[in-house]
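With compact mmCIF, C-alpha atoms (C1' of nucleotides) inside, this is target35.txt:
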```txt
# COMPACT_ATOMS: atom_id res chain seq x y z
CA MET V 1 144.74 97.72 144.20
CA THR V 2 143.10 97.02 140.89
CA LYS V 3 139.38 97.64 140.76
CA PHE V 4 137.10 95.57 138.57
CA LEU V 5 133.77 96.00 136.87
CA TYR V 6 132.35 92.74 135.59
CA THR V 7 129.63 93.43 133.06
CA VAL V 8 127.14 90.76 132.01
CA VAL V 9 125.56 91.46 128.62
CA GLY V 10 123.37 89.63 126.14
CA PRO V 11 119.88 89.57 124.72
CA THR V 12 116.75 89.69 126.81
CA ALA V 13 115.54 86.56 128.60
CA ILE V 14 118.88 84.82 128.19
CA GLY V 15 119.56 84.52 131.92
CA LYS V 16 121.66 87.59 132.72
CA THR V 17 119.98 88.28 136.05
CA ALA V 18 120.66 84.83 137.44
CA LEU V 19 124.27 84.79 136.28
CA SER V 20 124.96 88.27 137.63
CA ILE V 21 123.68 87.24 141.05
CA GLN V 22 125.88 84.16 141.04
CA ILE V 23 128.90 86.26 140.18
CA ALA V 24 128.05 88.92 142.75
CA ASN V 25 127.65 86.26 145.43
CA HIS V 26 130.92 84.67 144.43
CA LEU V 27 132.73 88.01 144.64
CA ASN V 28 130.65 89.21 147.55
CA CYS V 29 129.83 92.47 145.81
CA ASP V 30 126.95 94.68 144.61
CA ILE V 31 125.15 94.72 141.29
CA ILE V 32 124.51 97.72 139.08
CA SER V 33 121.67 97.39 136.60
CA CYS V 34 122.43 98.84 133.19
CA ASP V 35 119.01 98.67 131.67
CA SER V 36 117.19 101.57 130.07
CA ARG V 37 113.81 100.55 131.50
CA GLN V 38 114.31 98.72 134.76
CA PHE V 39 115.03 101.92 136.67
CA TYR V 40 111.43 103.07 136.27
CA LYS V 41 109.53 102.15 139.41
CA GLU V 42 106.15 102.18 137.69
CA MET V 43 107.21 99.44 135.28
CA ARG V 44 107.96 96.24 137.11
CA ILE V 45 106.37 93.29 135.37
CA GLY V 46 106.92 94.35 131.77
CA THR V 47 110.59 95.15 132.25
CA ALA V 48 111.36 91.88 134.03
CA VAL V 49 113.09 93.43 137.01
CA PRO V 50 114.63 90.81 139.30
CA GLU V 51 112.23 89.06 141.68
CA PRO V 52 112.18 90.14 145.36
CA GLN V 53 114.00 86.98 146.39
CA GLU V 54 116.66 87.70 143.78
CA LEU V 55 117.02 91.28 144.96
CA ALA V 56 117.40 89.95 148.48
CA THR V 57 120.44 87.86 147.59
CA ALA V 58 122.55 90.76 146.36
CA GLN V 59 122.47 94.53 146.73
CA HIS V 60 121.15 96.04 143.48
CA HIS V 61 121.45 99.60 142.23
CA PHE V 62 119.43 101.48 139.62
CA ILE V 63 116.48 99.16 139.87
CA GLN V 64 113.17 101.00 140.12
CA ASN V 65 114.77 104.13 141.54
CA ARG V 66 113.25 106.64 139.13
CA SER V 67 109.86 107.63 137.83
CA ILE V 68 108.55 107.56 134.31
CA PHE V 69 107.66 111.23 134.87
CA ASP V 70 111.32 112.23 135.28
CA GLY V 71 113.26 113.01 132.17
CA TYR V 72 116.25 110.72 131.90
CA SER V 73 118.60 109.44 129.27
CA VAL V 74 122.02 107.92 128.71
CA GLY V 75 123.94 111.04 129.65
CA GLY V 76 122.41 111.17 133.11
CA PHE V 77 122.79 107.46 133.49
CA GLU V 78 126.48 107.59 132.67
CA ARG V 79 127.02 110.35 135.20
CA ASP V 80 125.04 108.66 137.97
CA THR V 81 126.58 105.28 137.36
CA LEU V 82 130.16 106.50 137.34
CA LEU V 83 129.53 108.17 140.69
CA LYS V 84 128.00 104.98 142.03
CA ILE V 85 130.91 102.89 140.76
CA ALA V 86 133.46 105.21 142.39
CA ASP V 87 131.48 105.07 145.59
CA LEU V 88 131.22 101.29 145.68
CA HIS V 89 134.84 100.80 144.73
CA GLN V 90 135.88 102.59 147.90
CA GLU V 91 134.60 99.64 149.89
CA ASN V 92 135.00 96.75 147.45
CA PRO V 93 137.30 96.19 144.49
CA ASN V 94 134.61 94.28 142.62
CA ILE V 95 131.32 95.34 141.10
CA VAL V 96 129.00 93.46 138.79
CA MET V 97 127.00 95.32 136.18
CA VAL V 98 124.20 93.68 134.17
CA GLY V 99 122.26 94.98 131.26
CA GLY V 100 120.99 94.57 127.78
CA SER V 101 121.03 98.20 126.71
CA GLY V 102 124.06 98.43 124.47
CA LEU V 103 124.29 102.19 124.36
CA TYR V 104 124.06 102.43 128.14
CA VAL V 105 126.73 99.81 128.66
CA ASN V 106 128.94 101.61 126.18
CA ALA V 107 128.40 104.93 127.96
CA VAL V 108 129.51 103.51 131.30
CA LEU V 109 132.43 101.50 129.95
CA ASN V 110 133.79 103.87 127.32
CA GLY V 111 132.06 107.18 127.82
CA LEU V 112 130.09 109.49 125.62
CA ASP V 113 131.42 112.73 124.21
CA TYR V 114 130.46 115.87 126.05
CA PHE V 115 127.48 117.67 124.55
CA PRO V 116 126.04 120.85 126.02
CA ASP V 117 122.56 120.75 127.49
CA VAL V 118 119.93 121.79 125.03
CA ALA V 119 116.62 123.43 125.89
CA PRO V 120 113.86 120.84 125.44
CA GLU V 121 111.78 123.35 123.50
CA ILE V 122 114.20 123.04 120.60
CA ARG V 123 113.43 119.37 120.19
CA THR V 124 109.72 120.03 120.54
CA GLN V 125 110.00 122.61 117.80
CA LEU V 126 111.99 120.29 115.54
CA ASN V 127 109.43 117.55 116.02
CA ALA V 128 106.72 119.97 115.03
CA THR V 129 108.65 120.89 111.91
CA LEU V 130 109.07 117.23 111.09
CA GLU V 131 105.33 116.78 111.44
CA GLU V 132 104.38 119.82 109.37
CA LYS V 133 107.07 120.11 106.72
CA GLY V 134 108.50 116.64 106.50
CA ILE V 135 111.95 115.22 107.01
CA GLU V 136 113.39 116.91 103.91
CA ASN V 137 113.10 120.27 105.61
CA LEU V 138 115.18 119.06 108.55
CA GLN V 139 117.70 117.44 106.25
CA GLU V 140 118.17 120.75 104.45
CA GLN V 141 118.66 122.52 107.76
CA LEU V 142 121.36 120.09 108.78
CA LEU V 143 123.07 120.35 105.41
CA LYS V 144 123.40 124.10 106.02
CA LEU V 145 124.26 124.02 109.71
CA ASP V 146 126.56 121.01 109.79
CA PRO V 147 127.43 119.45 106.44
CA GLU V 148 129.88 117.10 108.11
CA SER V 149 127.14 115.51 110.20
CA TYR V 150 124.83 115.50 107.22
CA GLU V 151 127.30 113.17 105.56
CA SER V 152 127.99 110.99 108.54
CA ILE V 153 124.69 110.41 110.30
CA ALA V 154 121.67 108.49 109.06
CA VAL V 155 119.63 111.40 107.77
CA ASP V 156 116.68 109.09 107.08
CA ASN V 157 116.42 108.58 110.80
CA PRO V 158 114.37 111.38 112.43
CA HIS V 159 115.81 110.72 115.89
CA ARG V 160 119.40 111.12 114.77
CA LEU V 161 118.60 114.05 112.55
CA ILE V 162 116.81 115.92 115.31
CA ARG V 163 119.54 115.19 117.84
CA ALA V 164 122.21 116.62 115.54
CA LEU V 165 120.07 119.64 114.80
CA GLU V 166 119.15 120.37 118.40
CA VAL V 167 122.81 120.39 119.39
CA CYS V 168 123.69 122.70 116.48
CA ILE V 169 120.85 125.07 117.27
CA GLY V 170 121.23 124.93 121.03
CA SER V 171 125.00 125.38 121.11
CA GLY V 172 125.64 127.53 118.08
CA LYS V 173 128.35 125.05 117.08
CA THR V 174 128.20 121.99 114.88
CA TYR V 175 127.18 118.65 116.30
CA SER V 176 130.23 117.08 114.70
CA SER V 177 132.56 119.47 116.51
CA PHE V 178 131.76 117.79 119.83
CA LYS V 179 132.33 114.28 118.64
CA ASN V 180 135.29 111.95 118.98
CA LYS V 181 137.09 113.86 121.69
CA PRO V 182 139.35 111.97 124.07
CA LYS V 183 137.25 110.45 126.83
CA ALA V 184 138.07 110.36 130.51
CA ALA V 185 139.86 107.11 131.24
CA ARG V 186 138.06 104.71 133.58
CA ASN V 187 139.96 103.86 136.71
CA PHE V 188 138.74 100.28 136.82
CA LYS V 189 139.39 97.21 134.76
CA SER V 190 136.45 96.20 132.62
CA ILE V 191 135.63 92.55 132.09
CA GLN V 192 132.68 91.79 129.82
CA ILE V 193 130.84 88.51 129.90
CA GLY V 194 128.30 87.74 127.20
CA LEU V 195 125.55 85.15 127.26
CA ARG V 196 124.28 83.58 124.08
CA SER V 197 122.26 80.61 122.96
CA ASP V 198 120.74 78.90 120.00
CA ARG V 199 118.35 81.28 118.23
CA GLN V 200 115.32 79.02 118.41
CA LEU V 201 115.90 78.31 122.06
CA MET V 202 116.17 82.01 122.78
CA TYR V 203 112.90 82.66 120.97
CA ASP V 204 111.19 79.89 122.91
CA ARG V 205 112.35 81.44 126.16
CA ILE V 206 111.13 84.85 125.10
CA ASN V 207 107.70 83.52 124.18
CA GLN V 208 107.44 81.75 127.51
CA ARG V 209 108.53 84.80 129.41
CA VAL V 210 105.86 86.93 127.79
CA ASP V 211 103.21 84.42 128.81
CA ILE V 212 104.55 84.53 132.35
CA MET V 213 104.40 88.34 132.37
CA ILE V 214 100.78 88.21 131.27
CA ASN V 215 100.01 85.70 134.03
CA ASN V 216 101.80 87.90 136.53
CA GLY V 217 99.55 90.85 135.80
CA LEU V 218 101.16 92.80 132.97
CA ILE V 219 97.75 93.75 131.62
CA ASP V 220 96.75 95.46 134.86
CA GLU V 221 100.13 97.14 135.14
CA ALA V 222 99.77 98.52 131.63
CA ARG V 223 96.16 99.57 132.23
CA GLY V 224 97.29 101.59 135.22
CA LEU V 225 99.78 103.44 133.01
CA TYR V 226 97.50 103.83 130.03
CA GLU V 227 96.76 107.51 130.63
CA HIS V 228 100.47 108.24 130.42
CA LYS V 229 101.04 106.24 127.29
CA SER V 230 102.66 109.10 125.42
CA LEU V 231 105.56 109.31 127.89
CA ASN V 232 108.86 108.25 126.45
CA ALA V 233 109.42 105.60 129.10
CA LEU V 234 106.27 103.87 127.96
CA GLN V 235 107.43 103.51 124.38
CA THR V 236 108.36 100.04 125.48
CA VAL V 237 107.69 96.55 124.25
CA GLY V 238 104.93 94.97 126.30
CA TYR V 239 103.19 98.26 127.02
CA ARG V 240 102.69 99.79 123.61
CA GLU V 241 100.98 96.69 122.27
CA LEU V 242 98.60 96.56 125.23
CA PHE V 243 97.83 100.26 124.82
CA LEU V 244 96.75 99.49 121.26
CA HIS V 245 94.50 96.79 122.64
CA PHE V 246 93.00 99.22 125.17
CA ASP V 247 92.41 101.62 122.29
CA GLY V 248 90.34 98.90 120.67
CA GLU V 249 92.74 98.65 117.74
CA ILE V 250 93.74 95.02 118.26
CA SER V 251 92.54 91.97 120.19
CA LEU V 252 94.27 90.87 123.37
CA GLU V 253 95.45 87.68 121.69
CA PHE V 254 97.01 89.64 118.85
CA ALA V 255 98.58 92.11 121.27
CA ILE V 256 100.28 89.25 123.10
CA GLU V 257 101.58 87.82 119.82
CA GLU V 258 102.90 91.26 118.93
CA ILE V 259 104.67 91.55 122.26
CA LYS V 260 106.38 88.25 121.60
CA LYS V 261 107.36 89.24 118.08
CA ASN V 262 108.66 92.65 119.09
CA THR V 263 110.61 91.16 121.97
CA ARG V 264 112.23 88.69 119.57
CA ARG V 265 113.19 91.56 117.30
CA PHE V 266 114.55 93.51 120.23
CA ALA V 267 116.70 90.52 121.19
CA LYS V 268 117.98 90.33 117.64
CA ARG V 269 119.06 93.96 117.76
CA GLN V 270 120.78 93.39 121.08
CA ILE V 271 122.74 90.53 119.56
CA THR V 272 123.71 92.70 116.60
CA TRP V 273 124.97 95.37 118.96
CA PHE V 274 127.03 93.13 121.24
CA LYS V 275 128.43 90.73 118.66
CA LYS V 276 130.72 93.37 117.19
CA ASP V 277 132.35 94.10 120.54
CA PRO V 278 135.66 92.21 120.60
CA ASN V 279 136.05 92.70 124.35
CA ILE V 280 133.23 90.36 125.29
CA THR V 281 133.96 86.82 126.38
CA TRP V 282 131.00 84.64 125.44
CA PHE V 283 129.43 81.80 127.35
CA ASP V 284 126.51 79.57 126.54
CA HIS V 285 123.36 80.47 128.45
CA ASP V 286 123.38 77.18 130.38
CA VAL V 287 127.09 77.22 131.13
CA ASN V 288 128.10 75.57 134.37
CA PHE V 289 128.89 78.37 136.83
CA GLU V 290 132.18 76.72 137.75
CA GLU V 291 133.39 77.57 134.28
CA VAL V 292 132.48 81.23 134.69
CA LYS V 293 134.05 81.21 138.13
CA LEU V 294 137.30 79.94 136.68
CA PHE V 295 137.25 82.71 134.11
CA ILE V 296 136.60 85.37 136.75
CA ASP V 297 139.25 84.10 139.12
CA ARG V 298 141.81 84.30 136.32
CA GLN V 299 141.31 88.06 136.02
C1' G Y 1 81.86 60.31 87.01
C1' G Y 2 80.37 65.23 84.41
C1' C Y 3 80.72 70.65 84.13
C1' G Y 4 82.95 74.92 85.81
C1' U Y 5 86.73 77.50 88.84
C1' C Y 6 91.29 78.46 90.55
C1' G Y 7 96.60 77.02 91.28
C1' U Y 8 102.28 83.22 91.95
C1' G Y 9 108.27 83.01 96.78
C1' G Y 10 107.13 81.07 104.43
C1' C Y 11 102.17 83.92 104.23
C1' C Y 12 98.94 87.66 101.83
C1' G Y 13 98.59 89.66 97.10
C1' A Y 14 99.00 92.56 91.91
C1' G Y 15 100.23 91.27 87.20
C1' U Y 16 96.69 88.77 80.04
C1' G Y 17 103.12 87.77 75.68
C1' G Y 18 109.05 91.08 76.31
C1' C Y 19 109.91 96.13 81.28
C1' U Y 20 112.51 91.29 88.25
C1' A Y 21 104.74 94.85 91.73
C1' G Y 22 103.91 95.55 96.69
C1' G Y 23 102.96 94.20 101.81
C1' C Y 24 103.84 90.95 106.06
C1' A Y 25 107.01 87.44 108.46
C1' G Y 26 112.10 85.99 108.44
C1' C Y 27 117.21 87.26 107.91
C1' G Y 28 121.34 90.88 107.99
C1' G Y 29 122.86 95.63 109.62
C1' U Y 30 123.29 100.96 111.68
C1' C Y 31 123.82 103.20 116.37
C1' U Y 32 127.46 109.31 120.90
C1' G Y 33 121.51 112.11 125.79
C1' C Y 34 114.08 109.30 123.00
C1' A Y 35 118.04 103.35 122.53
C1' A Y 36 112.91 97.85 124.96
C1' A Y 37 113.61 103.83 120.61
C1' A Y 38 114.46 105.15 115.59
C1' C Y 39 116.33 103.83 110.94
C1' C Y 40 118.59 101.01 106.69
C1' G Y 41 119.36 96.67 103.60
C1' U Y 42 117.75 91.79 101.83
C1' C Y 43 114.65 87.43 100.05
C1' U Y 44 114.15 86.99 91.52
C1' A Y 45 108.35 83.14 92.73
C1' C Y 46 104.71 81.90 89.11
C1' A Y 47 101.71 73.42 90.24
C1' A Y 48 104.08 69.60 86.59
C1' C Y 49 105.07 68.18 81.68
C1' G Y 50 104.67 69.20 76.57
C1' G Y 51 103.40 72.74 72.64
C1' U Y 52 102.89 77.77 69.97
C1' U Y 53 106.33 82.07 69.69
C1' C Y 54 112.40 85.38 68.42
C1' G Y 55 110.37 85.62 73.55
C1' A Y 56 105.33 82.48 78.11
C1' A Y 57 103.69 83.65 85.05
C1' U Y 58 100.63 85.42 81.00
C1' C Y 59 98.26 81.66 74.81
C1' C Y 60 97.09 76.05 73.69
C1' G Y 61 97.03 70.78 75.35
C1' U Y 62 97.65 66.95 78.99
C1' U Y 63 98.35 65.60 84.06
C1' C Y 64 97.99 66.65 89.25
C1' G Y 65 95.72 69.44 93.01
C1' U Y 66 91.79 73.30 94.96
C1' C Y 67 87.03 74.93 95.52
C1' G Y 68 81.99 74.90 93.75
C1' C Y 69 77.82 72.89 91.20
C1' C Y 70 75.54 68.61 89.00
C1' U Y 71 74.75 63.20 88.75
```

Written as structure tokens, that's how I'd like the structure from this file.
Amino acid sequence: MTKFLYTVVGPTAIGKTALSIQIANHLNCDIISCDSRQFYKEMRIGTAVPEPQELATAQHHFIQNRSIFDGYSVGGFERDTLLKIADLHQENPNIVMVGGSGLYVNAVLNGLDYFPDVAPEIRTQLNATLEEKGIENLQEQLLKLDPESYESIAVDNPHRLIRALEVCIGSGKTYSSFKNKPKAARNFKSIQIGLRSDRQLMYDRINQRVDIMINNGLIDEARGLYEHKSLNALQTVGYRELFLHFDGEISLEFAIEEIKKNTRRFAKRQITWFKKDPNITWFDHDVNFEEVKLFIDRQ
RNA sequence: GGCGUCGUGGCCGAGUGGCUAGGCAGCGGUCUGCAAAACCGUCUACAACGGUUCGAAUCCGUUCGUCGCCU
């Protein structure tokens, strides 16, 4: 029996949550969240996790099941999610996945290459070098250790540079030597559904949603996390700007405007990521569900 | 009404005769364990008209507008 994974993608605030619930109810199946922030239980308002009544209408997974104090990243998410998918597919041929994190969706659907675990101290050390000696020093290191990656990655980007270097240093092999290996085939059929809308309309929705978050208590939520502001999980739109306000750097009004602006930019990047994926079938954000249902039932 | 001042791209802002400042916003893009992150690219404007000059955003004149002072 063929197993299916229906993935709903698109920019933030476009209506993915509502559509995914409709699909899950139609197929009578569970929902897996594929969102790089919604699995942190300390961040509820700012990450727009589904409302309690929404969660009640379908079984969700990977929503608020981790802590911002636990280290986590795509690799772990891919592993955990594949296990969850296999588990759920034993009982039900259908699963819905929703998320706006392109890299995470890609990891689940297509897989990442295997990279060995690297001691976290190596990254700490590389960050210190970046701070003290500048990016040129790291670029020179990569040129020596892995000239192939030096040519292929964005060496102006500290994150990418440090990742390549930490793998080289931690494994004793080149970063490039691990890449582009055959990936384990997925044993389910992937159907991707994208939601899109007019740009201005999308921006209006984002602006409104930020106002709603503020009314729902985002400021208090952020204040409660302020002391942990350096944690990676809190390098997140909606929190960083409020932390700056708490620091006395910017006014509350300006912080809110910044949250809106940065959310719009985030949405733009999400669109850029998803638009190049030829396997996505696109629907307008206010599509009649009957139309989506027809599409799903054809699969 | 008179005198003076200023008028640069969506916004801010440098530039006093030849060498497309820069920043912000916007837009486009990159993406293999920090991804709501990080990074890259892009926008050739000088209020209008006329004049001087080989050459004007820069000099001169007129007009329009700004702001200020005076009557």

Could you give me, as JSON lines, a per-residue list for chain Y showing, wherever an atom lies at most 7 Å from an atom of chain V, the closest pair of atoms and their distance in Å to one decimal, using only C-alpha atoms (C1' of nucleotides) and sorting by chain then residue number from low to high?
```
{"residue": "Y:U32", "atom": "C1'", "partner": "V:Leu112", "partner_atom": "CA", "distance": 5.4}
{"residue": "Y:G33", "atom": "C1'", "partner": "V:Gly75", "partner_atom": "CA", "distance": 4.7}
{"residue": "Y:C34", "atom": "C1'", "partner": "V:Asn232", "partner_atom": "CA", "distance": 6.3}
{"residue": "Y:A35", "atom": "C1'", "partner": "V:Leu103", "partner_atom": "CA", "distance": 6.6}
{"residue": "Y:A36", "atom": "C1'", "partner": "V:Thr236", "partner_atom": "CA", "distance": 5.1}
{"residue": "Y:A38", "atom": "C1'", "partner": "V:His159", "partner_atom": "CA", "distance": 5.7}
{"residue": "Y:C39", "atom": "C1'", "partner": "V:Asn157", "partner_atom": "CA", "distance": 4.8}
```

Coordinates-based distance that separates CA of Gln208 (chain V) from CA of Asp284 (chain V) (Å, one decimal) =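 CA of Gln208 (chain V) lies 19.2 Å from CA of Asp284 (chain V).
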
inquiry  = Would you compute the distance between CA of Ala184 (chain V) and CA of Ile122 (chain V)? Give it in Å to one decimal.
reply    = 28.8 Å

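What separates CA of Asp204 (chain V) from CA of Val8 (chain V) is a distance of 21.3 Å.
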
inquiry  = Show me, as a list of chain:residue names, the residues that have an atom within 12 Å of A56 (chain Y) when counting only C-alpha atoms (C1' of nucleotides), minus same-chain residues fewer than 6 positions from it.
reply    = Y:U16, Y:G17, Y:G18, Y:C46

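If you count all atoms listed in the file and ignore residues fewer than 3 places along the chain from Ser190 (chain V), what sits within 8 Å of it is Phe4, Leu5, Tyr6, Thr7 and Leu109 of chain V.
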
task = Please provide the set of residues having any atom within 9 Å of Val292 (chain V), restricted to all atoms listed in the file, with same-chain residues fewer than 6 positions apart removed, written as a PyMOL selection string.
result = chain V and resi 23+193+283

Take every atom of region 230-248 of chain V listed in the file, fit an axis-aligned box around them, add 8 Å per side, and give the centre and edge lengths in Å to one decimal as JSON.
```
{"center_x": 99.9, "center_y": 102.1, "center_z": 124.9, "size_x": 35.1, "size_y": 30.3, "size_z": 24.4}
```
